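Engineer: Structure file start-v9.cif, mmCIF, C-alpha atoms and all ligand atoms, is pasted below:
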data_target
#
loop_
_atom_site.label_atom_id
_atom_site.label_comp_id
_atom_site.auth_asym_id
_atom_site.auth_seq_id
_atom_site.Cartn_x
_atom_site.Cartn_y
_atom_site.Cartn_z
CA MET A 37 22.97 -0.23 11.33
CA ARG A 38 22.62 -3.55 9.45
CA ILE A 39 19.08 -3.62 8.08
CA LEU A 40 17.33 -6.44 6.23
CA VAL A 41 14.33 -5.46 4.10
CA ILE A 42 11.93 -8.20 3.02
CA GLY A 43 10.21 -7.83 -0.36
CA SER A 44 10.90 -7.12 -3.99
CA GLY A 45 8.71 -4.29 -5.26
CA GLY A 46 8.69 -0.53 -5.72
CA ARG A 47 7.71 -0.06 -2.08
CA GLU A 48 10.80 -1.93 -0.92
CA HIS A 49 13.00 0.05 -3.33
CA ALA A 50 11.59 3.25 -1.77
CA LEU A 51 12.28 1.89 1.73
CA LEU A 52 15.88 1.05 0.78
CA LYS A 53 16.38 4.50 -0.71
CA GLY A 54 15.11 6.02 2.54
CA LEU A 55 17.44 3.79 4.56
CA ALA A 56 20.55 4.55 2.44
CA GLY A 57 23.65 5.15 4.55
CA ASN A 58 23.10 1.93 6.50
CA GLU A 59 24.43 -1.51 5.61
CA LEU A 60 21.46 -2.80 3.64
CA PHE A 61 20.31 -6.27 2.65
CA VAL A 62 17.14 -7.15 0.80
CA ALA A 63 15.49 -10.51 0.16
CA PRO A 64 14.75 -11.28 -2.54
CA GLY A 65 14.92 -7.73 -3.95
CA ASN A 66 15.08 -6.87 -7.62
CA ALA A 67 17.67 -5.79 -10.17
CA GLY A 68 17.18 -2.06 -9.58
CA MET A 69 18.04 -2.35 -5.88
CA GLU A 70 21.55 -3.73 -6.33
CA SER A 71 23.24 -0.32 -6.04
CA LEU A 72 21.63 0.28 -2.62
CA ALA A 73 21.59 -3.15 -1.00
CA LYS A 74 22.91 -6.66 -1.23
CA CYS A 75 20.13 -8.76 -2.80
CA LEU A 76 19.90 -12.16 -1.12
CA PRO A 77 17.98 -15.20 -2.30
CA ILE A 78 15.41 -16.61 0.10
CA ASP A 79 13.52 -19.90 -0.17
CA ALA A 80 10.15 -18.49 0.84
CA LEU A 81 8.82 -15.38 2.55
CA THR A 82 7.81 -17.43 5.57
CA PRO A 83 8.91 -16.96 9.20
CA GLN A 84 11.79 -19.46 9.51
CA PRO A 85 13.73 -18.53 6.35
CA ILE A 86 13.37 -14.84 7.28
CA VAL A 87 14.72 -15.46 10.81
CA ASP A 88 17.56 -17.60 9.42
CA LEU A 89 18.55 -14.87 6.97
CA ALA A 90 18.29 -12.12 9.61
CA LYS A 91 20.67 -14.14 11.82
CA GLU A 92 23.02 -14.84 8.92
CA VAL A 93 23.47 -11.12 8.16
CA ASP A 94 23.36 -10.22 11.86
CA ALA A 95 20.52 -7.80 11.21
CA GLU A 96 19.90 -5.10 13.80
CA LEU A 97 16.54 -4.27 12.23
CA VAL A 98 14.26 -6.19 9.86
CA VAL A 99 11.67 -4.27 7.84
CA ILE A 100 8.93 -6.44 6.36
CA GLY A 101 7.42 -4.89 3.23
CA PRO A 102 4.57 -7.17 2.08
CA GLU A 103 1.60 -8.49 4.04
CA VAL A 104 1.99 -12.21 3.37
CA PRO A 105 4.97 -12.79 5.72
CA LEU A 106 3.29 -10.62 8.38
CA VAL A 107 0.07 -12.61 8.25
CA ALA A 108 2.20 -15.77 8.36
CA GLY A 109 3.84 -14.63 11.63
CA ALA A 110 7.30 -13.48 10.49
CA ALA A 111 7.38 -10.54 12.91
CA ASP A 112 6.52 -12.82 15.87
CA ALA A 113 9.34 -15.21 14.93
CA LEU A 114 11.86 -12.36 14.65
CA ARG A 115 10.81 -10.89 18.01
CA GLU A 116 11.12 -14.33 19.61
CA ALA A 117 14.65 -14.48 18.20
CA GLY A 118 15.41 -11.09 19.81
CA ILE A 119 15.69 -9.21 16.48
CA PRO A 120 13.99 -5.79 16.26
CA VAL A 121 11.39 -5.86 13.51
CA PHE A 122 9.20 -3.26 11.85
CA GLY A 123 5.88 -5.01 11.32
CA PRO A 124 2.93 -6.19 13.42
CA THR A 125 2.45 -9.63 14.93
CA GLN A 126 0.44 -12.29 13.13
CA GLU A 127 -2.60 -11.60 15.29
CA ALA A 128 -2.39 -7.84 14.83
CA ALA A 129 -1.86 -8.24 11.06
CA GLN A 130 -5.34 -9.77 10.95
CA LEU A 131 -6.51 -6.17 10.50
CA GLU A 132 -5.48 -6.81 6.90
CA GLY A 133 -5.59 -10.61 6.78
CA SER A 134 -9.20 -10.99 7.90
CA LYS A 135 -11.79 -8.45 6.85
CA ALA A 136 -14.21 -9.97 9.38
CA PHE A 137 -11.67 -9.32 12.19
CA ALA A 138 -11.14 -5.74 10.97
CA LYS A 139 -14.92 -5.12 10.96
CA ASP A 140 -15.20 -6.51 14.48
CA VAL A 141 -12.41 -4.23 15.75
CA MET A 142 -13.98 -1.22 14.03
CA ALA A 143 -17.40 -1.98 15.51
CA ALA A 144 -15.90 -2.23 19.00
CA ALA A 145 -13.88 0.96 18.49
CA GLY A 146 -16.82 2.93 17.08
CA VAL A 147 -15.08 3.54 13.75
CA ALA A 148 -17.15 4.42 10.67
CA THR A 149 -16.98 1.86 7.86
CA ALA A 150 -19.11 0.29 5.16
CA ARG A 151 -21.88 -2.15 6.08
CA ALA A 152 -20.71 -5.63 5.14
CA LEU A 153 -21.97 -9.16 4.64
CA ARG A 154 -19.72 -12.20 4.35
CA VAL A 155 -20.72 -15.18 2.20
CA THR A 156 -18.82 -18.45 2.64
CA PRO A 157 -18.08 -21.08 -0.03
CA GLU A 158 -20.63 -23.34 1.73
CA GLU A 159 -23.38 -20.74 1.21
CA GLY A 160 -22.50 -20.70 -2.52
CA THR A 161 -24.40 -18.95 -5.29
CA ALA A 162 -27.61 -18.78 -3.25
CA GLY A 163 -25.72 -16.71 -0.67
CA VAL A 164 -24.33 -14.50 -3.45
CA GLU A 165 -27.80 -13.84 -4.92
CA SER A 166 -29.22 -13.01 -1.50
CA ALA A 167 -26.32 -10.57 -0.81
CA LEU A 168 -26.75 -8.88 -4.20
CA GLU A 169 -30.41 -8.23 -3.30
CA GLN A 170 -29.28 -6.41 -0.17
CA PHE A 171 -26.42 -4.36 -1.63
CA GLY A 172 -25.86 -2.05 -4.58
CA PRO A 173 -25.60 -0.94 -7.20
CA ASN A 174 -22.80 0.10 -6.82
CA TYR A 175 -21.76 -3.41 -5.90
CA VAL A 176 -18.55 -3.72 -3.86
CA VAL A 177 -17.35 -7.33 -3.88
CA LYS A 178 -14.13 -8.29 -2.10
CA ASP A 179 -12.11 -11.47 -1.88
CA ASP A 180 -11.88 -12.08 1.88
CA GLY A 181 -8.40 -13.57 1.49
CA LEU A 182 -5.19 -11.65 0.78
CA ALA A 183 -5.33 -10.46 -2.82
CA GLY A 184 -2.83 -7.60 -2.93
CA GLY A 185 -5.52 -5.02 -3.73
CA LYS A 186 -6.57 -6.92 -6.83
CA GLY A 187 -9.43 -8.95 -5.31
CA VAL A 188 -11.91 -6.07 -5.28
CA VAL A 189 -14.55 -5.42 -7.93
CA VAL A 190 -16.66 -2.26 -7.79
CA THR A 191 -19.33 -2.26 -10.47
CA THR A 192 -22.87 -1.24 -11.33
CA ASP A 193 -23.23 -4.48 -13.33
CA ARG A 194 -24.93 -7.17 -11.26
CA ALA A 195 -23.74 -9.98 -13.53
CA GLU A 196 -20.12 -8.83 -13.18
CA ALA A 197 -20.50 -8.60 -9.39
CA ALA A 198 -22.00 -12.12 -9.27
CA ALA A 199 -19.28 -13.55 -11.53
CA HIS A 200 -16.49 -12.14 -9.30
CA ALA A 201 -18.19 -13.33 -6.12
CA ASN A 202 -18.67 -16.86 -7.49
CA ALA A 203 -15.06 -16.98 -8.74
CA VAL A 204 -13.81 -16.08 -5.24
CA LEU A 205 -16.01 -18.77 -3.68
CA GLU A 206 -14.83 -21.33 -6.22
CA ALA A 207 -11.23 -20.52 -5.24
CA GLY A 208 -12.23 -21.51 -1.68
CA ASN A 209 -12.30 -18.03 -0.10
CA PRO A 210 -15.25 -16.28 1.54
CA VAL A 211 -16.49 -13.18 -0.28
CA LEU A 212 -17.44 -9.88 1.30
CA PHE A 213 -20.22 -7.61 0.01
CA GLU A 214 -20.05 -4.02 1.19
CA SER A 215 -22.13 -0.88 0.84
CA PHE A 216 -20.47 1.61 -1.50
CA LEU A 217 -18.74 4.49 0.26
CA GLU A 218 -19.07 7.85 -1.50
CA GLY A 219 -16.27 10.39 -1.67
CA PRO A 220 -12.61 10.62 -2.65
CA GLU A 221 -10.23 8.11 -1.13
CA VAL A 222 -7.31 8.87 1.17
CA SER A 223 -4.43 6.55 2.02
CA LEU A 224 -3.08 7.58 5.40
CA PHE A 225 -0.09 5.62 6.68
CA CYS A 226 0.11 5.69 10.46
CA LEU A 227 3.09 4.55 12.49
CA VAL A 228 1.56 2.73 15.43
CA ASP A 229 3.30 1.59 18.60
CA GLY A 230 0.68 0.51 21.14
CA GLU A 231 -1.46 3.59 21.67
CA THR A 232 1.02 5.98 20.05
CA VAL A 233 -0.02 6.97 16.52
CA VAL A 234 2.07 9.16 14.19
CA PRO A 235 0.64 9.85 10.72
CA LEU A 236 2.72 10.30 7.58
CA LEU A 237 1.57 12.59 4.76
CA PRO A 238 -1.82 11.69 3.24
CA ALA A 239 -1.75 10.28 -0.29
CA GLN A 240 -4.16 9.20 -2.99
CA ASP A 241 -3.78 6.03 -5.04
CA HIS A 242 -5.27 5.34 -8.50
CA LYS A 243 -6.37 1.72 -8.37
CA ARG A 244 -8.00 1.18 -11.78
CA ALA A 245 -5.79 0.13 -14.67
CA TYR A 246 -6.81 2.80 -17.18
CA ASP A 247 -7.42 6.55 -17.41
CA ASN A 248 -10.63 8.01 -15.96
CA ASP A 249 -10.76 5.19 -13.41
CA GLU A 250 -11.72 2.61 -16.00
CA GLY A 251 -10.66 -1.01 -16.29
CA PRO A 252 -9.88 -3.62 -13.66
CA ASN A 253 -8.61 -2.96 -10.16
CA THR A 254 -4.84 -3.21 -9.80
CA GLY A 255 -2.34 -2.97 -6.96
CA GLY A 256 -2.17 0.77 -7.82
CA MET A 257 -1.17 2.66 -10.99
CA GLY A 258 0.05 5.92 -9.49
CA ALA A 259 -0.23 8.17 -6.47
CA TYR A 260 0.43 11.69 -5.21
CA THR A 261 0.97 13.42 -1.90
CA PRO A 262 -0.05 15.55 -0.02
CA LEU A 263 -3.72 16.11 -0.89
CA PRO A 264 -4.60 19.72 -1.75
CA TRP A 265 -8.31 18.96 -1.47
CA LEU A 266 -8.28 17.41 2.02
CA PRO A 267 -10.09 19.68 4.52
CA GLU A 268 -7.91 21.39 7.10
CA GLY A 269 -7.50 19.06 10.04
CA GLY A 270 -8.30 16.07 7.81
CA VAL A 271 -5.30 14.03 8.87
CA GLU A 272 -6.05 14.69 12.54
CA ARG A 273 -9.65 13.54 12.01
CA ILE A 274 -8.50 10.26 10.48
CA VAL A 275 -6.11 9.74 13.37
CA ASP A 276 -8.66 10.74 16.04
CA GLU A 277 -11.67 8.95 14.55
CA ILE A 278 -9.99 5.86 13.07
CA ALA A 279 -6.33 5.09 13.76
CA ARG A 280 -6.17 5.92 17.47
CA PRO A 281 -9.44 4.20 18.44
CA VAL A 282 -8.28 1.09 16.54
CA ALA A 283 -4.85 1.21 18.20
CA ARG A 284 -6.52 1.47 21.62
CA GLU A 285 -8.91 -1.38 20.83
CA MET A 286 -5.97 -3.57 19.81
CA VAL A 287 -4.20 -2.79 23.11
CA ALA A 288 -7.42 -3.55 25.00
CA ARG A 289 -7.61 -6.93 23.26
CA GLY A 290 -4.05 -7.74 24.33
CA ILE A 291 -2.74 -7.63 20.74
CA PRO A 292 -1.03 -4.25 20.54
CA TYR A 293 -0.19 -3.08 17.05
CA GLN A 294 3.44 -2.26 16.28
CA GLY A 295 4.17 -1.27 12.71
CA LEU A 296 2.49 0.57 9.90
CA LEU A 297 -1.29 0.79 9.85
CA TYR A 298 -2.48 1.81 6.40
CA VAL A 299 -5.87 3.47 6.72
CA GLY A 300 -7.73 3.47 3.40
CA ALA A 301 -10.66 5.83 3.91
CA ALA A 302 -13.33 7.44 1.77
CA TRP A 303 -14.15 11.05 2.69
CA GLY A 304 -17.94 11.22 2.45
CA SER A 305 -20.57 13.66 3.64
CA GLU A 306 -19.93 12.75 7.27
CA GLY A 307 -16.15 12.65 7.06
CA PRO A 308 -13.77 9.70 6.80
CA SER A 309 -15.04 6.14 6.68
CA VAL A 310 -12.81 3.06 6.42
CA VAL A 311 -12.60 1.24 3.09
CA GLU A 312 -9.80 -1.09 4.20
CA PHE A 313 -6.86 -1.51 6.53
CA ASN A 314 -3.49 -2.84 5.49
CA ALA A 315 -0.80 -3.99 7.88
CA ARG A 316 2.09 -2.55 5.85
CA PHE A 317 3.15 0.40 3.72
CA GLY A 318 1.01 0.86 0.58
CA ASP A 319 2.39 0.42 -2.88
CA PRO A 320 2.75 2.77 -4.80
CA GLU A 321 1.83 5.54 -2.28
CA THR A 322 4.97 4.85 -0.22
CA GLN A 323 7.15 5.92 -3.13
CA PRO A 324 6.04 9.60 -3.19
CA VAL A 325 5.36 9.80 0.57
CA LEU A 326 8.86 8.69 1.60
CA SER A 327 10.44 10.93 -1.04
CA LEU A 328 9.24 13.93 1.03
CA LEU A 329 10.31 12.59 4.45
CA LYS A 330 13.23 14.58 5.88
CA THR A 331 13.51 12.71 9.20
CA PRO A 332 15.89 9.77 8.74
CA LEU A 333 13.78 6.70 7.98
CA ASP A 334 16.03 4.36 10.00
CA THR A 335 15.33 6.40 13.16
CA VAL A 336 11.58 6.25 12.51
CA LEU A 337 11.35 2.51 11.80
CA TYR A 338 13.73 1.61 14.62
CA ALA A 339 11.65 3.64 17.10
CA VAL A 340 8.54 1.65 16.17
CA ALA A 341 10.44 -1.65 16.24
CA THR A 342 11.82 -0.97 19.71
CA GLY A 343 8.64 0.44 21.25
CA THR A 344 9.96 4.01 21.58
CA LEU A 345 7.80 5.83 19.02
CA ALA A 346 6.39 8.09 21.76
CA ASP A 347 9.91 9.52 22.27
CA LEU A 348 10.49 10.30 18.58
CA ALA A 349 10.69 14.01 17.66
CA PRO A 350 7.91 15.21 15.32
CA LEU A 351 8.47 14.09 11.75
CA GLU A 352 9.92 16.64 9.34
CA TRP A 353 8.85 16.91 5.72
CA GLU A 354 10.09 18.58 2.56
CA ASP A 355 7.86 21.33 1.18
CA GLY A 356 5.97 20.74 -2.04
CA PHE A 357 4.44 17.69 -3.66
CA ALA A 358 5.48 14.30 -5.00
CA ALA A 359 3.86 11.93 -7.47
CA THR A 360 4.55 8.48 -8.83
CA VAL A 361 3.40 6.93 -12.09
CA VAL A 362 3.55 3.15 -12.56
CA LEU A 363 4.83 1.65 -15.80
CA ALA A 364 2.96 -1.64 -16.24
CA ALA A 365 3.57 -4.60 -18.51
CA GLU A 366 1.33 -5.61 -21.38
CA ASN A 367 -1.77 -7.45 -20.07
CA TYR A 368 -1.35 -6.24 -16.47
CA PRO A 369 -3.17 -7.07 -14.21
CA ALA A 370 -4.71 -10.20 -15.82
CA SER A 371 -1.58 -11.98 -17.09
CA PRO A 372 1.37 -9.64 -17.48
CA VAL A 373 3.87 -10.39 -20.23
CA LYS A 374 7.41 -10.70 -18.86
CA GLY A 375 10.87 -10.52 -20.41
CA ASP A 376 10.55 -7.28 -22.41
CA ALA A 377 13.66 -5.09 -22.62
CA ILE A 378 13.53 -1.76 -20.76
CA THR A 379 15.64 1.25 -21.75
CA GLY A 380 15.86 4.81 -20.45
CA ALA A 381 18.41 7.31 -19.18
CA GLU A 382 17.17 7.43 -15.57
CA LEU A 383 16.79 3.68 -14.90
CA ASP A 384 19.62 3.71 -12.37
CA ASN A 385 18.60 6.93 -10.63
CA PRO A 386 16.47 6.03 -7.56
CA ASP A 387 15.49 9.68 -7.13
CA LYS A 388 13.55 9.29 -10.37
CA VAL A 389 12.94 5.58 -10.99
CA LEU A 390 12.15 2.87 -8.46
CA HIS A 391 12.10 -0.69 -9.74
CA ALA A 392 9.15 -2.97 -9.02
CA GLY A 393 9.36 -5.94 -11.40
CA THR A 394 12.70 -5.99 -13.20
CA LYS A 395 15.52 -8.43 -13.84
CA ARG A 396 19.01 -7.79 -15.12
CA THR A 397 20.31 -9.70 -18.14
CA ASP A 398 23.56 -9.33 -20.09
CA ALA A 399 21.64 -7.09 -22.49
CA GLY A 400 20.23 -4.85 -19.71
CA TYR A 401 17.01 -4.65 -17.70
CA VAL A 402 13.97 -6.73 -18.66
CA SER A 403 10.49 -6.82 -17.15
CA ALA A 404 9.79 -9.50 -14.55
CA GLY A 405 6.40 -8.52 -13.13
CA GLY A 406 3.13 -6.73 -13.78
CA ARG A 407 4.11 -3.40 -12.26
CA VAL A 408 7.57 -2.85 -13.68
CA LEU A 409 8.76 0.63 -12.68
CA ASN A 410 7.59 3.52 -10.52
CA VAL A 411 8.65 6.89 -11.82
CA LEU A 412 8.89 9.71 -9.27
CA GLY A 413 8.25 13.41 -9.73
CA ARG A 414 8.69 16.30 -7.32
CA GLY A 415 7.61 19.91 -7.53
CA ALA A 416 6.58 23.03 -5.65
CA THR A 417 3.03 22.38 -6.85
CA LEU A 418 1.18 19.15 -7.55
CA GLU A 419 1.02 20.11 -11.22
CA GLU A 420 4.83 20.41 -11.33
CA ALA A 421 5.34 17.12 -9.48
CA VAL A 422 3.09 15.24 -11.89
CA ALA A 423 4.68 16.90 -14.94
CA ASP A 424 8.12 15.93 -13.61
CA ALA A 425 7.06 12.26 -13.34
CA TYR A 426 5.59 12.25 -16.85
CA ARG A 427 8.75 13.85 -18.27
CA VAL A 428 10.78 10.93 -16.90
CA ILE A 429 8.37 8.15 -17.91
CA GLU A 430 8.20 9.46 -21.46
CA GLY A 431 11.94 8.75 -21.70
CA ILE A 432 11.46 5.04 -20.91
CA GLU A 433 10.88 2.46 -23.64
CA MET A 434 9.41 -0.99 -23.13
CA ARG A 435 7.45 -2.94 -25.71
CA GLY A 436 3.79 -3.42 -24.78
CA SER A 437 4.04 -1.32 -21.62
CA PHE A 438 1.43 1.23 -20.59
CA TYR A 439 0.80 3.80 -17.90
CA ARG A 440 -2.05 6.03 -16.84
CA LYS A 441 -1.87 9.56 -18.25
CA ASP A 442 -4.12 11.10 -15.59
CA ILE A 443 -2.38 10.56 -12.25
CA GLY A 444 -3.33 13.52 -10.04
CA ARG A 445 -5.09 15.24 -12.95
CA ARG A 446 -8.44 15.73 -11.22
CA ALA A 447 -6.74 17.11 -8.12
CA VAL A 448 -4.66 19.52 -10.22
CA ALA A 449 -7.83 20.67 -12.00
CA GLY A 450 -9.57 21.25 -8.65
CA GLU A 451 -12.13 18.56 -9.47
CA VAL A 452 -11.68 16.53 -6.30
CA SER A 453 -13.81 17.92 -3.53
CA VAL A 454 -15.33 16.79 -0.30
CA GLU A 455 -18.76 17.70 0.96
CA LYS A 456 -18.82 20.34 3.68
CA GLN A 457 -19.40 18.81 7.10
N1 LIG A 501 -1.96 0.88 -3.03
C1 LIG A 501 -2.80 -0.09 -2.49
C2 LIG A 501 -2.15 -1.04 -1.58
O1 LIG A 501 -0.98 -0.92 -1.28
O2 LIG A 501 -2.81 -1.95 -1.13
#
Translate the structure described by the file into structure tokens.
Ligand code: GLY
Structural biologist:
Amino acid sequence: MRILVIGSGGREHALLKGLAGNELFVAPGNAGMESLAKCLPIDALTPQPIVDLAKEVDAELVVIGPEVPLVAGAADALREAGIPVFGPTQEAAQLEGSKAFAKDVMAAAGVATARALRVTPEEGTAGVESALEQFGPNYVVKDDGLAGGKGVVVTTDRAEAAAHANAVLEAGNPVLFESFLEGPEVSLFCLVDGETVVPLLPAQDHKRAYDNDEGPNTGGMGAYTPLPWLPEGGVERIVDEIARPVAREMVARGIPYQGLLYVGAAWGSEGPSVVEFNARFGDPETQPVLSLLKTPLDTVLYAVATGTLADLAPLEWEDGFAATVVLAAENYPASPVKGDAITGAELDNPDKVLHAGTKRTDAGYVSAGGRVLNVLGRGATLEEAVADAYRVIEGIEMRGSFYRKDIGRRAVAGEVSVEKQ
């Protein structure tokens, strides 16, 4: 099959690796993907250039990685052009694009989530002060626009919460205040095709920049899968209590969801509660999750794209665990330094290293983004998977780079637990 993948990060590299064996194109891609796919330039990740490119390469399937083209309507435009696409429509992608829409759907579907209050730029600092009186600490303050996971501040410091909220308002976006949800977080990726919901393995992300969950929020610094601490039946509860009711509500509203619904949930004393939805695969959780998928990825994505997910045989998975550790550039996430040389023996081995922000020069790979590489580890136990990833990352050199040393550590030590229900 000729498949066009849209995007340029570690998630898209993982998708391409899973799709290997097909004729693959990626736009714009990155230097590390060149052995798997033809990297094609694209003017903008907006609907028309994506449709034009899909026609040019005669794509039989388009897989849209990031949220921005989905929220802009790229999947609608491809469907109108008769090209199968993995990704929800513009309206359905509002589950990620508009937190107010997501809250409304959850309320109608009876799905547990944090209490929220939205403050608009017109309401200004007075609105912020009033919201801070009603919430926290802990304060949870979210940019209501698309911010790639980086627009969230969770803090006990009221001044920090106010500063973030006012900065979001000054940028012209509404800001959302939420009650803090207790409990460890789960990322559960669900394939959704109308009312059919098929979960992948549950994963956990590490969103803060530094060890011990300190520092600013990032797009994600590492992840592991599956979750040894999740109660038995945990995945089924998230599907039954969150993903399926939301899928049904979307069908009832006449905007059926077709693509990947990323359920970000906190597992508190009453079970799972939604922190956020995303309308696409998560990054970096996709990297370890797909590394354990035995069912051919092309079959899975094509089934969703063509409305035949209900006919797909149950997914098959490798035994054991997988982990990914992100190598980030100096000053990530605030203002990452680019152009530093990267060396290491496994840089061209996609079983071990997936590229996120790299460029190729005559002298070799250099950094070209904040998250530069995702190193993968596998093992019979979570401890072995994490150790495998750290063994590989220790062999990579890049001036100024850093990575978290504690990915999966609390789970390995048995320190992640959920309250008995
Ligand atoms: N890992 C967080 C995200 O993909 O949004």
Engineer: Can you check which parts of chain A lie within 12 Å of ligand LIG 501 (chain A)? Per residue, the shortest pair of atoms and distance in Å to one decimal, counting only C-alpha atoms and all ligand atoms, sorted by chain and number, as CSV.
Structural biologist:
residue,atom,partner,partner_atom,distance
A:Gly45,CA,A:LIG501,O1,11.0
A:Gly46,CA,A:LIG501,O1,10.6
A:Arg47,CA,A:LIG501,O1,8.8
A:Glu48,CA,A:LIG501,O1,11.8
A:Gly101,CA,A:LIG501,O1,10.3
A:Pro102,CA,A:LIG501,O1,9.0
A:Glu103,CA,A:LIG501,O2,9.4
A:Glu132,CA,A:LIG501,O2,9.8
A:Leu182,CA,A:LIG501,O2,10.2
A:Ala183,CA,A:LIG501,O2,9.0
A:Gly184,CA,A:LIG501,O2,5.9
A:Gly185,CA,A:LIG501,O2,4.9
A:Lys186,CA,A:LIG501,O2,8.4
A:Gly187,CA,A:LIG501,O2,10.5
A:Val188,CA,A:LIG501,O2,10.8
A:Glu221,CA,A:LIG501,N1,11.1
A:Val222,CA,A:LIG501,N1,10.5
A:Ser223,CA,A:LIG501,N1,8.0
A:Leu224,CA,A:LIG501,N1,10.8
A:Phe225,CA,A:LIG501,O1,10.3
A:Ala239,CA,A:LIG501,N1,9.8
A:Gln240,CA,A:LIG501,N1,8.6
A:Asp241,CA,A:LIG501,N1,5.8
A:His242,CA,A:LIG501,N1,7.8
A:Lys243,CA,A:LIG501,N1,7.0
A:Arg244,CA,A:LIG501,N1,10.6
A:Asn253,CA,A:LIG501,C1,10.0
A:Thr254,CA,A:LIG501,C1,8.2
A:Gly255,CA,A:LIG501,C1,5.3
A:Gly256,CA,A:LIG501,N1,4.8
A:Met257,CA,A:LIG501,N1,8.2
A:Gly258,CA,A:LIG501,N1,8.4
A:Ala259,CA,A:LIG501,N1,8.2
A:Tyr260,CA,A:LIG501,N1,11.3
A:Leu296,CA,A:LIG501,O1,11.8
A:Leu297,CA,A:LIG501,O1,11.3
A:Tyr298,CA,A:LIG501,O1,8.3
A:Val299,CA,A:LIG501,O2,10.0
A:Gly300,CA,A:LIG501,C1,8.5
A:Ala301,CA,A:LIG501,C1,11.7
A:Val311,CA,A:LIG501,O2,11.1
A:Glu312,CA,A:LIG501,O2,8.8
A:Phe313,CA,A:LIG501,O2,8.7
A:Asn314,CA,A:LIG501,O2,6.7
A:Ala315,CA,A:LIG501,O2,9.5
A:Arg316,CA,A:LIG501,O1,7.9
A:Phe317,CA,A:LIG501,O1,6.6
A:Gly318,CA,A:LIG501,O1,3.3
A:Asp319,CA,A:LIG501,O1,4.0
A:Pro320,CA,A:LIG501,N1,5.4
A:Glu321,CA,A:LIG501,N1,6.1
A:Thr322,CA,A:LIG501,O1,8.4
A:Gln323,CA,A:LIG501,N1,10.4
A:Pro324,CA,A:LIG501,N1,11.8
A:Thr360,CA,A:LIG501,N1,11.6
A:Val362,CA,A:LIG501,N1,11.2
A:Arg407,CA,A:LIG501,N1,11.8
Engineer: Using all atoms listed in the file, pick whichever of A:Pro281, A:Gly181, A:Pro264, A:Pro105 has the shortest atom-to-atom distance to Ala144 of chain A.
Structural biologist: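 Using all atoms listed in the file, Ala144 of chain A sits closest to A:Pro281.
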Engineer: Quick one: pull the distance between atom CA of Val373 of chain A and atom CA of Gly208 of chain A, Å, one decimal.
Structural biologist: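 Value for the atom CA of Val373 of chain A-atom CA of Gly208 of chain A distance: 27.0 Å.
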Engineer: How would you write as a count of residues only the residues that get within 9 Å of (-2.6, -14.1, 13.8) in the file's frame, counting all atoms listed in the file?
Structural biologist: 11
Engineer: Can you list, as a compact mmCIF listing (two decimals) with C-alpha atoms, keeping the file's coordinate frame, every protein, DNA or RNA residue that comes within 9 Å of Glu206 of chain A when you count all atoms listed in the file, leaving out same-chain residues fewer than 3 positions away?
Structural biologist:
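Written output follows (around_35.txt):
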# COMPACT_ATOMS: atom_id res chain seq x y z
CA PRO A 157 -18.08 -21.08 -0.03
CA GLY A 160 -22.50 -20.70 -2.52
CA ALA A 201 -18.19 -13.33 -6.12
CA ASN A 202 -18.67 -16.86 -7.49
CA ALA A 203 -15.06 -16.98 -8.74
CA ASN A 209 -12.30 -18.03 -0.10
Engineer: Select, from A:Ala423, A:Cys226, A:Ala150, A:Val190, the residue with the minimum atom-to-atom distance to Val336 of chain A, counting only C-alpha atoms.
Structural biologist: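 For Val336 of chain A, the nearest of the candidates is A:Cys226.
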Engineer: Can you work out the spacing between atom CA of Asp179 of chain A and atom CA of Val211 of chain A in Å, to one decimal?
Structural biologist: 5.0 Å
Engineer: List the neighbours of segment 162-169 of chain A out to 8 Å using only C-alpha atoms; skip same-chain residues closer than 6 positions along the sequence, and give me the result as an MDAnalysis selection string.
Structural biologist: chainID A and resid 153 155:156 175 194 198 201:202 213
Engineer: Using all atoms of segment 156-175 of chain A that appear in the file, construct an axis-aligned enclosing box with 3 Å of padding on every side and provide its centre coordinates and edge lengths in Å, rounded to one decimal, as lines of an AutoDock Vina configuration file.
Structural biologist:
center_x = -24.2
center_y = -11.6
center_z = -2.3
size_x = 18.3
size_y = 29.4
size_z = 15.8
Engineer: One decimal, Å: what's the distance from atom CA of Val287 of chain A over to atom CA of Pro124 of chain A, could you say?
Structural biologist: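 Spanning atom CA of Val287 of chain A to atom CA of Pro124 of chain A is a straight-line distance of 12.5 Å.
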Engineer: When distances are computed from all atoms listed in the file, which of A:Ala145, A:Val41, A:Ile78, A:Leu326 shows the smallest separation from Arg289 of chain A?
Structural biologist: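 Of the candidates, the smallest distance to Arg289 of chain A is held by A:Ala145.
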Engineer: For Pro85 of chain A, list every protein, DNA or RNA residue within 12 Å, evaluated using all atoms listed in the file, and leave out those in the same chain fewer than 6 positions away; present the list as a list in words.
Structural biologist: Ile42, Ala63, Pro64, Leu76, Pro77, Ile78, Asp79, Lys91, Glu92, Pro105, Gly109, Ala110, Ala113 and Leu114 of chain A
Engineer: Would you save the residues from that selection as a compact mmCIF listing (two decimals), in the coordinates of the input, using C-alpha atoms?
Structural biologist:
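File written: selection-v3.txt
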# COMPACT_ATOMS: atom_id res chain seq x y z
CA ILE A 42 11.93 -8.20 3.02
CA ALA A 63 15.49 -10.51 0.16
CA PRO A 64 14.75 -11.28 -2.54
CA LEU A 76 19.90 -12.16 -1.12
CA PRO A 77 17.98 -15.20 -2.30
CA ILE A 78 15.41 -16.61 0.10
CA ASP A 79 13.52 -19.90 -0.17
CA LYS A 91 20.67 -14.14 11.82
CA GLU A 92 23.02 -14.84 8.92
CA PRO A 105 4.97 -12.79 5.72
CA GLY A 109 3.84 -14.63 11.63
CA ALA A 110 7.30 -13.48 10.49
CA ALA A 113 9.34 -15.21 14.93
CA LEU A 114 11.86 -12.36 14.65
